[in-house]
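Remarks on the structure that follows.
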2 protein chains.
Amino acid sequence: MSNAKVLPLLEADGQGVAPCCPPLTERPMTAEEAETAARMFKALGDPVRLRLFSAVASHEGGEACVCDISDVGVSQPTVSHHLKKLREAGLLTSERRGTWVYYRVEPSVLAAMGKLLTMPAAA
Amino acid sequence: MSNAKVLPLLEADGQGVAPCCPPLTERPMTAEEAETAARMFKALGDPVRLRLFSAVASHEGGEACVCDISDVGVSQPTVSHHLKKLREAGLLTSERRGTWVYYRVEPSVLAAMGKLLTMPAAA
DNA sequence: TGTCTATGTTGACGCTCATCAATACAGGTG
DNA sequence: CACCTGTATTGATGAGCGTCAACATAGACA
């Protein structure tokens, strides 16, 4: 249940975090940048994971118990597997509270991915 | 070399296009929405494709010849394969002009993906 | 016509991934 | 303690993917 930064997609800089890479449109990504960013996109590149992530992100309070979101048409072990992937990608964190485990989104990572897809100001 | 909308990730609505899905944080995605959006993220979920896409997106004029961007450490057939994937995902379009083939980004799709990652106004 | 360059396609190989059943673990309740 | 519920892990299986060498195709030019 560790929330350790298994894959540090963002780097801490004092308070808060900085995006891993510049916008895709700014300059060609380096191999290292691409490796890092691709992990994030890959994590969202599965329909089941996307639904799980969206369910957590849109849940009231910004967090959801597994039992709240596990109705996505796959078995319970598969749900657990995908949640782990999302956690390892740095998109979700988890916390056990009594009987249930709660997942919540990592907002800074979401913002960083959004910046990656930013278009130049004057298109 | 067809640019036909193999995977219509956006739907035309008069002039311009509308995003396929609401922001991930607005409400849980349906299975269909997730299927559609996951294709886009999956296409960017490979480091080589991400570098190719970034190279095209950041190239002057918003387009690039394959010869301009194919130096990403894999063989020429592999580059061609990945460019095809990006084209099929609706992220790039291609056009042959004489000897060379030029790729350019589909800006509306990029914008749609950005909106997907939008955070609620008051976090 | 033939030849050269640029790009796409085919077929095969190895690896990764999504999925499930079975099992294990954690915490609550009796 | 035993038992139940919620969640994670293990191990296996089949499908999909990234990669390359070999070949095919398209256009330019002589």
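How things are named: the first chain in the structure tokens is A, the next is B, and so on; residues count from 1 in each chain; ligands count from 1 in the order shown.
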
Counting only C-alpha atoms (C1' of nucleotides), which residues of chain C fall within 9 Å of chain A, and what is the closest atom pair for each with its distance in Å at one decimal, ordered by chain and rising number, as CSV?
```
residue,atom,partner,partner_atom,distance
C:DA18,C1',A:Thr78,CA,8.0
C:DT19,C1',A:Thr78,CA,6.6
C:DC20,C1',A:Ser75,CA,7.3
C:DA26,C1',A:Thr99,CA,7.8
C:DG27,C1',A:Thr99,CA,5.4
C:DG28,C1',A:Thr99,CA,7.0
```

Residue neighbourhood DG30 (chain C), 12 Å, only C-alpha atoms (C1' of nucleotides), exclusion window fewer than 3 positions, as a list of chain:residue names: D:DC1, D:DA2, D:DC3, D:DC4

Two-atom distance - CA of Ala38 (chain B), CA of Val101 (chain B) (Å): 27.6 Å

Those of region 4-115 of chain A in DSSP alpha helix (DSSP H), formatted as a PyMOL selection string: chain A and resi 31-43+47-58+66-69+76-88+107-115

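The set of residues in chain A assigned to strand (DSSP E or B) by DSSP, using only backbone atoms of this structure, is A:Glu11, A:Ala12, A:Val17, A:Ala18, A:Glu63, A:Ala64, A:Cys65, A:Leu92, A:Thr93, A:Ser94, A:Glu95, A:Arg96, A:Arg97, A:Trp100, A:Val101, A:Tyr102, A:Tyr103, A:Arg104, A:Val105.
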
Please produce a file of those selected residues containing all heavy atoms, as a compact mmCIF listing (two decimals), in the first residue's frame.
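Contents of again-v6.txt, freshly written:
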```
# COMPACT_ATOMS: atom_id res chain seq x y z
N GLU A 11 9.09 16.18 -10.25
CA GLU A 11 10.19 16.37 -9.32
C GLU A 11 9.84 17.47 -8.33
O GLU A 11 9.44 18.57 -8.71
CB GLU A 11 11.45 16.74 -10.08
CG GLU A 11 11.85 15.65 -11.08
CD GLU A 11 13.14 16.01 -11.79
OE1 GLU A 11 13.65 17.12 -11.55
OE2 GLU A 11 13.62 15.19 -12.57
N ALA A 12 9.99 17.17 -7.06
CA ALA A 12 9.70 18.17 -6.05
C ALA A 12 10.66 19.34 -6.18
O ALA A 12 11.84 19.16 -6.47
CB ALA A 12 9.83 17.53 -4.67
N VAL A 17 5.26 20.72 -7.10
CA VAL A 17 6.03 19.91 -8.03
C VAL A 17 6.11 20.62 -9.37
O VAL A 17 5.31 21.49 -9.67
CB VAL A 17 5.36 18.53 -8.23
CG1 VAL A 17 5.54 17.69 -7.00
CG2 VAL A 17 3.90 18.70 -8.55
N ALA A 18 7.09 20.25 -10.16
CA ALA A 18 7.26 20.84 -11.49
C ALA A 18 7.00 19.76 -12.53
O ALA A 18 7.28 18.59 -12.30
CB ALA A 18 8.67 21.38 -11.66
N GLU A 63 -11.86 11.57 -3.55
CA GLU A 63 -11.36 10.24 -3.23
C GLU A 63 -12.51 9.24 -3.27
O GLU A 63 -13.67 9.62 -3.17
CB GLU A 63 -10.68 10.21 -1.87
CG GLU A 63 -11.63 10.33 -0.70
CD GLU A 63 -10.94 10.14 0.64
OE1 GLU A 63 -9.70 10.16 0.67
OE2 GLU A 63 -11.65 9.98 1.64
N ALA A 64 -12.15 7.97 -3.43
CA ALA A 64 -13.17 6.94 -3.51
C ALA A 64 -12.64 5.65 -2.94
O ALA A 64 -11.45 5.31 -3.10
CB ALA A 64 -13.60 6.73 -4.96
N CYS A 65 -13.53 4.95 -2.27
CA CYS A 65 -13.23 3.60 -1.82
C CYS A 65 -13.27 2.67 -3.02
O CYS A 65 -14.01 2.90 -3.98
CB CYS A 65 -14.27 3.17 -0.78
SG CYS A 65 -14.28 1.41 -0.41
N LEU A 92 -2.39 8.00 -8.93
CA LEU A 92 -3.26 7.84 -7.77
C LEU A 92 -2.43 7.54 -6.53
O LEU A 92 -1.32 7.02 -6.63
CB LEU A 92 -4.26 6.67 -7.99
CG LEU A 92 -5.32 6.81 -9.07
CD1 LEU A 92 -6.17 5.55 -9.12
CD2 LEU A 92 -6.18 8.03 -8.84
N THR A 93 -2.98 7.89 -5.38
CA THR A 93 -2.41 7.43 -4.11
C THR A 93 -3.48 6.65 -3.38
O THR A 93 -4.67 6.83 -3.65
CB THR A 93 -1.96 8.61 -3.24
OG1 THR A 93 -3.08 9.45 -2.97
CG2 THR A 93 -0.89 9.43 -3.95
N SER A 94 -3.07 5.79 -2.48
CA SER A 94 -4.04 4.97 -1.76
C SER A 94 -3.76 5.01 -0.27
O SER A 94 -2.63 5.24 0.16
CB SER A 94 -4.00 3.53 -2.26
OG SER A 94 -2.78 2.92 -1.91
N GLU A 95 -4.81 4.79 0.49
CA GLU A 95 -4.69 4.82 1.94
C GLU A 95 -5.73 3.89 2.53
O GLU A 95 -6.90 3.95 2.12
CB GLU A 95 -4.92 6.25 2.44
CG GLU A 95 -4.81 6.42 3.95
CD GLU A 95 -5.37 7.77 4.40
OE1 GLU A 95 -5.81 8.54 3.53
OE2 GLU A 95 -5.38 8.02 5.61
N ARG A 96 -5.30 3.03 3.41
CA ARG A 96 -6.25 2.13 4.07
C ARG A 96 -6.82 2.84 5.29
O ARG A 96 -6.08 3.36 6.13
CB ARG A 96 -5.53 0.85 4.47
CG ARG A 96 -6.39 -0.06 5.33
CD ARG A 96 -5.91 -1.49 5.26
NE ARG A 96 -7.04 -2.39 5.07
CZ ARG A 96 -7.03 -3.42 4.25
NH1 ARG A 96 -5.99 -3.64 3.51
NH2 ARG A 96 -8.08 -4.20 4.15
N ARG A 97 -8.16 2.81 5.40
CA ARG A 97 -8.80 3.35 6.59
C ARG A 97 -9.78 2.30 7.09
O ARG A 97 -10.89 2.19 6.55
CB ARG A 97 -9.51 4.67 6.29
CG ARG A 97 -8.53 5.81 6.03
CD ARG A 97 -9.12 7.17 6.40
NE ARG A 97 -10.18 7.60 5.50
CZ ARG A 97 -9.98 8.25 4.36
NH1 ARG A 97 -8.75 8.53 3.95
NH2 ARG A 97 -11.00 8.62 3.60
N TRP A 100 -11.70 -0.40 4.59
CA TRP A 100 -11.65 -0.02 3.19
C TRP A 100 -10.38 0.71 2.80
O TRP A 100 -9.69 1.30 3.64
CB TRP A 100 -12.86 0.85 2.85
CG TRP A 100 -14.15 0.11 3.01
CD1 TRP A 100 -14.70 -0.75 2.12
CD2 TRP A 100 -15.01 0.15 4.14
NE1 TRP A 100 -15.87 -1.27 2.62
CE2 TRP A 100 -16.09 -0.74 3.86
CE3 TRP A 100 -15.00 0.81 5.35
CZ2 TRP A 100 -17.14 -0.96 4.76
CZ3 TRP A 100 -16.04 0.61 6.26
CH2 TRP A 100 -17.08 -0.27 5.94
N VAL A 101 -10.08 0.66 1.51
CA VAL A 101 -8.92 1.37 0.97
C VAL A 101 -9.43 2.49 0.07
O VAL A 101 -10.29 2.25 -0.79
CB VAL A 101 -8.01 0.42 0.16
CG1 VAL A 101 -6.88 1.18 -0.48
CG2 VAL A 101 -7.49 -0.68 1.07
N TYR A 102 -8.94 3.68 0.30
CA TYR A 102 -9.39 4.85 -0.46
C TYR A 102 -8.30 5.30 -1.43
O TYR A 102 -7.13 5.37 -1.08
CB TYR A 102 -9.74 5.99 0.49
CG TYR A 102 -10.98 5.70 1.32
CD1 TYR A 102 -10.88 4.96 2.49
CD2 TYR A 102 -12.23 6.13 0.91
CE1 TYR A 102 -12.01 4.67 3.25
CE2 TYR A 102 -13.36 5.86 1.67
CZ TYR A 102 -13.24 5.12 2.83
OH TYR A 102 -14.36 4.82 3.57
N TYR A 103 -8.71 5.59 -2.64
CA TYR A 103 -7.79 6.12 -3.65
C TYR A 103 -8.16 7.57 -3.92
O TYR A 103 -9.33 7.93 -3.93
CB TYR A 103 -7.89 5.31 -4.94
CG TYR A 103 -7.15 4.00 -4.88
CD1 TYR A 103 -7.69 2.91 -4.21
CD2 TYR A 103 -5.90 3.85 -5.48
CE1 TYR A 103 -7.00 1.71 -4.13
CE2 TYR A 103 -5.22 2.65 -5.41
CZ TYR A 103 -5.77 1.58 -4.74
OH TYR A 103 -5.08 0.40 -4.66
N ARG A 104 -7.11 8.38 -4.19
CA ARG A 104 -7.36 9.75 -4.60
C ARG A 104 -6.38 10.16 -5.69
O ARG A 104 -5.30 9.60 -5.81
CB ARG A 104 -7.30 10.72 -3.42
CG ARG A 104 -6.03 10.74 -2.62
CD ARG A 104 -6.02 11.94 -1.66
NE ARG A 104 -7.20 12.01 -0.80
CZ ARG A 104 -8.06 13.04 -0.80
NH1 ARG A 104 -7.86 14.06 -1.60
NH2 ARG A 104 -9.12 13.04 0.00
N VAL A 105 -6.77 11.12 -6.48
CA VAL A 105 -5.93 11.54 -7.60
C VAL A 105 -4.79 12.42 -7.11
O VAL A 105 -4.91 13.10 -6.10
CB VAL A 105 -6.74 12.32 -8.66
CG1 VAL A 105 -7.89 11.50 -9.14
CG2 VAL A 105 -7.21 13.64 -8.10
```

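If you look at CA of His59 (chain A) and CA of Gly114 (chain A), they are 19.9 Å away from each other.
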